[in-house]
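Participant: Below you'll find the structure I mean.
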Amino acid sequence: AEALVRWMHPQKGMIAPNDFIPIYERNGIIGKLDQYMWRQVCKLLRKWLDEGKNPNPISVNVSRLHLKDNQFIDVLNHLIEKYQISKNYLEIELTETADSTQISEGISLLKDSGYTLLMDDFGSGYSSLNTLKDTQFDVIKIDRGFLQDFIGSDRGQKIVEHTIQMTKSIGLDLVAEGVETEQQKEFLKESHCDIIQG
C-alpha cells in the first residue's frame with residue numbers, strides 16, 4: 001500500500017497533488033506535509049496492530065528536499081518509537097531523479113537505519129542503467145505512464161518484460177504502478193511481475 005495525499009477543498013472538491021505539491025515545495029513547507037503523512041500512517045499501523053491485524057507495509061513519500069538535511073531521519077525514528085511499530089511496516093518511497101552527493105548521503109542514512117527503500121516513477125524520464133547498477137534501493141516501482149505507453153505495442157511489451165527480468169535478476173523487487181485493466185494485469189502476471197498497484 002502507499003499513502004497518498006489529496007486536498008479535499010470545501011468548494012472545489014478533490015484537488016490533485018500535482019496542483020498543490022509544487023506550491024508547498026516552492027514555499028519550503030513540503031517537509032511539514034511529509035511529516036503529517038508519516039504520522040498519520042504510523043497512527044494507522046498502530047491502530048491495526050492494536051486490533052490484532054497483520055498489516056501490509058505502507059510506503060510513504062519522502063521529498064528529496066529532506067535528503068539534503070539529515071534531521072528528517074530523527075523525525076522518522078521518533079515516530080517509529082512513539083507508535084511502537086517495526087520499520088518493516090513503514091517503507092520509504094523516493095522519486096528517481098537526478099542525484100547529488102547530499103541526496104546519496106540521505107539515502108545511505110535511511111538504508112543504514114534499516115528502512116526499506118522504494119524507487120518511485122522508474123521509467124518516467126530520468127532512469128538509466130547506471131541507476132540500477134549503483135542503486136541502494138530495495139524495490140523499483142515502474143511508472144504508470146511508462147507502463148501505459150509501452151504496453152500498447154509488441155516492442156514496448158518486450159521492453160517492459162525485459163525491465164522486469166533485469167530488475168529481478170539483480171535482486172530487486174518490482175511493483176508496477178497504475179494497473180487499471182484486466183489486460184494490464186494479465187500481461188504483468190505473464191511477465192512475472194509479482195506486485196501491482198492500481
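Identifiers in this document derive from the order of the C-alpha cells: chains are assigned A, B, ..., residues are numbered from 1 separately in each chain, and ligands are numbered from 1 in order of occurrence.
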Skip A:Glu2 itself and residues of its chain fewer than 3 positions away, then list as a PyMOL selection string all residues within 12 Å of it, counting only C-alpha atoms.
Facilitator: chain A and resi 5+37-38+41+56-61+89-94+118+120+141+175+177+196-198
Participant: Let's have the selection written as a short mmCIF file (atom, residue, chain, number, x, y, z; two decimals), in the first residue's frame, with N, CA, C and O atoms.
Facilitator:
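The resulting file, again02.cif, is reproduced below:
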```
data_model
loop_
_atom_site.label_atom_id
_atom_site.label_comp_id
_atom_site.auth_asym_id
_atom_site.auth_seq_id
_atom_site.Cartn_x
_atom_site.Cartn_y
_atom_site.Cartn_z
N VAL A 5 -1.48 11.76 -0.59
CA VAL A 5 -2.17 12.94 -0.07
C VAL A 5 -3.12 13.50 -1.13
O VAL A 5 -2.80 13.52 -2.32
N MET A 37 1.95 13.24 6.92
CA MET A 37 1.61 11.96 6.29
C MET A 37 2.29 10.79 7.02
O MET A 37 1.67 9.75 7.26
N TRP A 38 3.56 10.96 7.38
CA TRP A 38 4.26 9.90 8.10
C TRP A 38 3.55 9.58 9.41
O TRP A 38 3.37 8.42 9.76
N VAL A 41 0.24 7.66 8.92
CA VAL A 41 0.47 6.26 8.58
C VAL A 41 0.89 5.48 9.83
O VAL A 41 0.40 4.37 10.07
N ASN A 56 -0.15 -5.01 5.91
CA ASN A 56 0.90 -4.95 4.90
C ASN A 56 1.71 -3.68 5.15
O ASN A 56 1.20 -2.72 5.72
N PRO A 57 2.96 -3.66 4.69
CA PRO A 57 3.73 -2.42 4.78
C PRO A 57 3.04 -1.30 4.00
O PRO A 57 2.40 -1.56 2.99
N ILE A 58 3.20 -0.08 4.47
CA ILE A 58 2.69 1.10 3.78
C ILE A 58 3.88 1.98 3.43
O ILE A 58 4.70 2.27 4.29
N SER A 59 3.94 2.38 2.17
CA SER A 59 5.04 3.26 1.77
C SER A 59 4.60 4.72 1.89
O SER A 59 3.44 5.05 1.65
N VAL A 60 5.55 5.54 2.32
CA VAL A 60 5.32 6.98 2.43
C VAL A 60 6.36 7.70 1.58
O VAL A 60 7.48 7.24 1.42
N ASN A 61 5.96 8.82 1.03
CA ASN A 61 6.88 9.60 0.21
C ASN A 61 7.77 10.47 1.10
O ASN A 61 7.30 11.01 2.10
N TYR A 89 7.15 -2.11 8.61
CA TYR A 89 5.81 -1.69 8.23
C TYR A 89 5.79 -0.32 7.52
O TYR A 89 4.82 0.02 6.87
N LEU A 90 6.86 0.45 7.68
CA LEU A 90 6.91 1.79 7.10
C LEU A 90 8.01 1.83 6.04
O LEU A 90 9.20 1.86 6.36
N GLU A 91 7.61 1.80 4.78
CA GLU A 91 8.58 1.81 3.69
C GLU A 91 8.73 3.22 3.14
O GLU A 91 7.78 4.01 3.16
N ILE A 92 9.91 3.53 2.66
CA ILE A 92 10.24 4.89 2.23
C ILE A 92 10.31 4.94 0.71
O ILE A 92 11.08 4.21 0.08
N GLU A 93 9.51 5.84 0.14
CA GLU A 93 9.42 5.96 -1.31
C GLU A 93 10.03 7.28 -1.76
O GLU A 93 9.69 8.34 -1.24
N LEU A 94 10.95 7.18 -2.71
CA LEU A 94 11.63 8.36 -3.24
C LEU A 94 11.50 8.37 -4.76
O LEU A 94 11.62 7.33 -5.40
N LEU A 118 12.04 2.33 -1.66
CA LEU A 118 11.37 2.11 -2.93
C LEU A 118 11.68 3.27 -3.87
O LEU A 118 11.53 4.43 -3.49
N ASP A 120 10.46 5.33 -6.75
CA ASP A 120 9.20 5.62 -7.40
C ASP A 120 9.43 6.13 -8.82
O ASP A 120 10.48 6.70 -9.13
N LYS A 141 9.66 0.79 -8.56
CA LYS A 141 8.26 0.93 -8.94
C LYS A 141 8.19 1.49 -10.36
O LYS A 141 8.63 2.60 -10.62
N VAL A 175 7.42 -3.34 -8.42
CA VAL A 175 6.00 -3.05 -8.34
C VAL A 175 5.62 -2.28 -9.60
O VAL A 175 6.31 -1.34 -9.99
N GLU A 177 3.00 0.26 -11.16
CA GLU A 177 2.00 1.23 -10.70
C GLU A 177 0.96 1.48 -11.79
O GLU A 177 1.23 1.30 -12.97
N ILE A 196 1.46 -5.54 -8.06
CA ILE A 196 0.90 -4.43 -8.81
C ILE A 196 0.18 -3.48 -7.87
O ILE A 196 -0.25 -3.88 -6.79
N GLN A 197 0.09 -2.25 -8.30
CA GLN A 197 -0.62 -1.23 -7.53
C GLN A 197 -1.55 -0.49 -8.50
O GLN A 197 -1.11 -0.07 -9.55
N GLY A 198 -2.83 -0.39 -8.14
CA GLY A 198 -3.74 0.25 -9.07
C GLY A 198 -4.85 0.96 -8.32
O GLY A 198 -4.86 0.99 -7.10
#
```
Participant: Name the residues of stretch 6-151 of chain A that come out as strand (DSSP E or B) in a backbone DSSP run; write them as a ChimeraX atom specification.
Facilitator: /A:7-9,13-15,58-61,90-95,117-122,139-142
Participant: Rank nothing, just name the residue among A:Leu110, A:Leu117, A:Ile170, A:Leu4 nearest to A:Gln71, using only C-alpha atoms.
Facilitator: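 For A:Gln71, the nearest of the given residues is A:Leu110.
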Participant: Considering only C-alpha atoms, return as a PyMOL selection string whatever protein or nucleic-acid residues lie within 8 Å of A:Arg46, sequence-local ones (same chain, fewer than 2 positions apart) excluded.
Facilitator: chain A and resi 42-44+48-50+83-85
Participant: Using only C-alpha atoms, please write the residues we just selected to a file, as a PDB file, in the first residue's frame.
Facilitator:
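Written output follows (again-v4.pdb):
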```pdb
ATOM      1  CA  CYS A  42       2.188   5.364  11.867  1.00  0.00           C
ATOM      2  CA  LYS A  43      -1.064   6.036  13.762  1.00  0.00           C
ATOM      3  CA  LEU A  44      -3.000   3.814  11.343  1.00  0.00           C
ATOM      4  CA  TRP A  48      -4.359  -2.015  13.075  1.00  0.00           C
ATOM      5  CA  LEU A  49      -1.767  -3.755  15.244  1.00  0.00           C
ATOM      6  CA  ASP A  50      -3.805  -2.985  18.388  1.00  0.00           C
ATOM      7  CA  TYR A  83       3.916   4.336  17.917  1.00  0.00           C
ATOM      8  CA  GLN A  84       5.967   1.195  18.651  1.00  0.00           C
ATOM      9  CA  ILE A  85       5.901  -0.180  15.126  1.00  0.00           C
TER      10      ILE A  85
END
```
Participant: Just the number, please: distance in Å from atom CA of A:Asn130 to atom CA of A:Thr167, one decimal.
Facilitator: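 If I compute the distance from atom CA of A:Asn130 to atom CA of A:Thr167, I get 12.5 Å.
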Participant: Please identify the helix (DSSP H, G or I) residues within stretch 2-197 of chain A (assignment by DSSP from backbone atoms) and present them as JSON, numbers by chain.
Facilitator: {"A": [17, 18, 19, 20, 21, 22, 23, 24, 25, 26, 30, 31, 32, 33, 34, 35, 36, 37, 38, 39, 40, 41, 42, 43, 44, 45, 46, 47, 48, 49, 50, 66, 67, 68, 72, 73, 74, 75, 76, 77, 78, 79, 80, 81, 82, 87, 88, 89, 101, 102, 103, 104, 105, 106, 107, 108, 109, 110, 111, 112, 129, 130, 131, 132, 133, 134, 144, 145, 146, 147, 148, 149, 150, 154, 155, 156, 157, 158, 159, 160, 161, 162, 163, 164, 165, 166, 167, 168, 169, 182, 183, 184, 185, 186, 187, 188, 189, 190]}
Participant: Let me make sure I understand: among A:Lys111, A:Lys82, A:Lys87, A:Arg144, which one has the smallest atom-to-atom distance to A:Gly123 if we use only C-alpha atoms?
Facilitator: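 Of A:Lys111, A:Lys82, A:Lys87, A:Arg144, the one nearest A:Gly123 is A:Arg144, counting only C-alpha atoms.
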Participant: Neighbours of A:Met166 within 12 Å (only C-alpha atoms; same-chain residues fewer than 5 positions away dropped), as a ChimeraX atom specification?
Facilitator: /A:129,132-133,140,158-161,171-174,191-193
Participant: Residues of stretch 31-136 of chain A that approach stretch 7-24 of chain A to 10 Å or less, counting only C-alpha atoms: could you list each one with the shortest pair of atoms and its distance in Å to one decimal, rows by chain and increasing residue number, as a tab-separated table?
Facilitator:
```
residue	atom	partner	partner_atom	distance
A:Gly31	CA	A:Tyr24	CA	8.5
A:Lys32	CA	A:Tyr24	CA	9.1
A:Leu33	CA	A:Tyr24	CA	8.2
```
Participant: Here is a test: counting only C-alpha atoms, which residue of A:Ala1, A:Asn70, A:Asp194, A:Ile107 is nearest to A:Gln165?
Facilitator: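 Nearest candidate to A:Gln165 out of A:Ala1, A:Asn70, A:Asp194, A:Ile107: A:Asp194.
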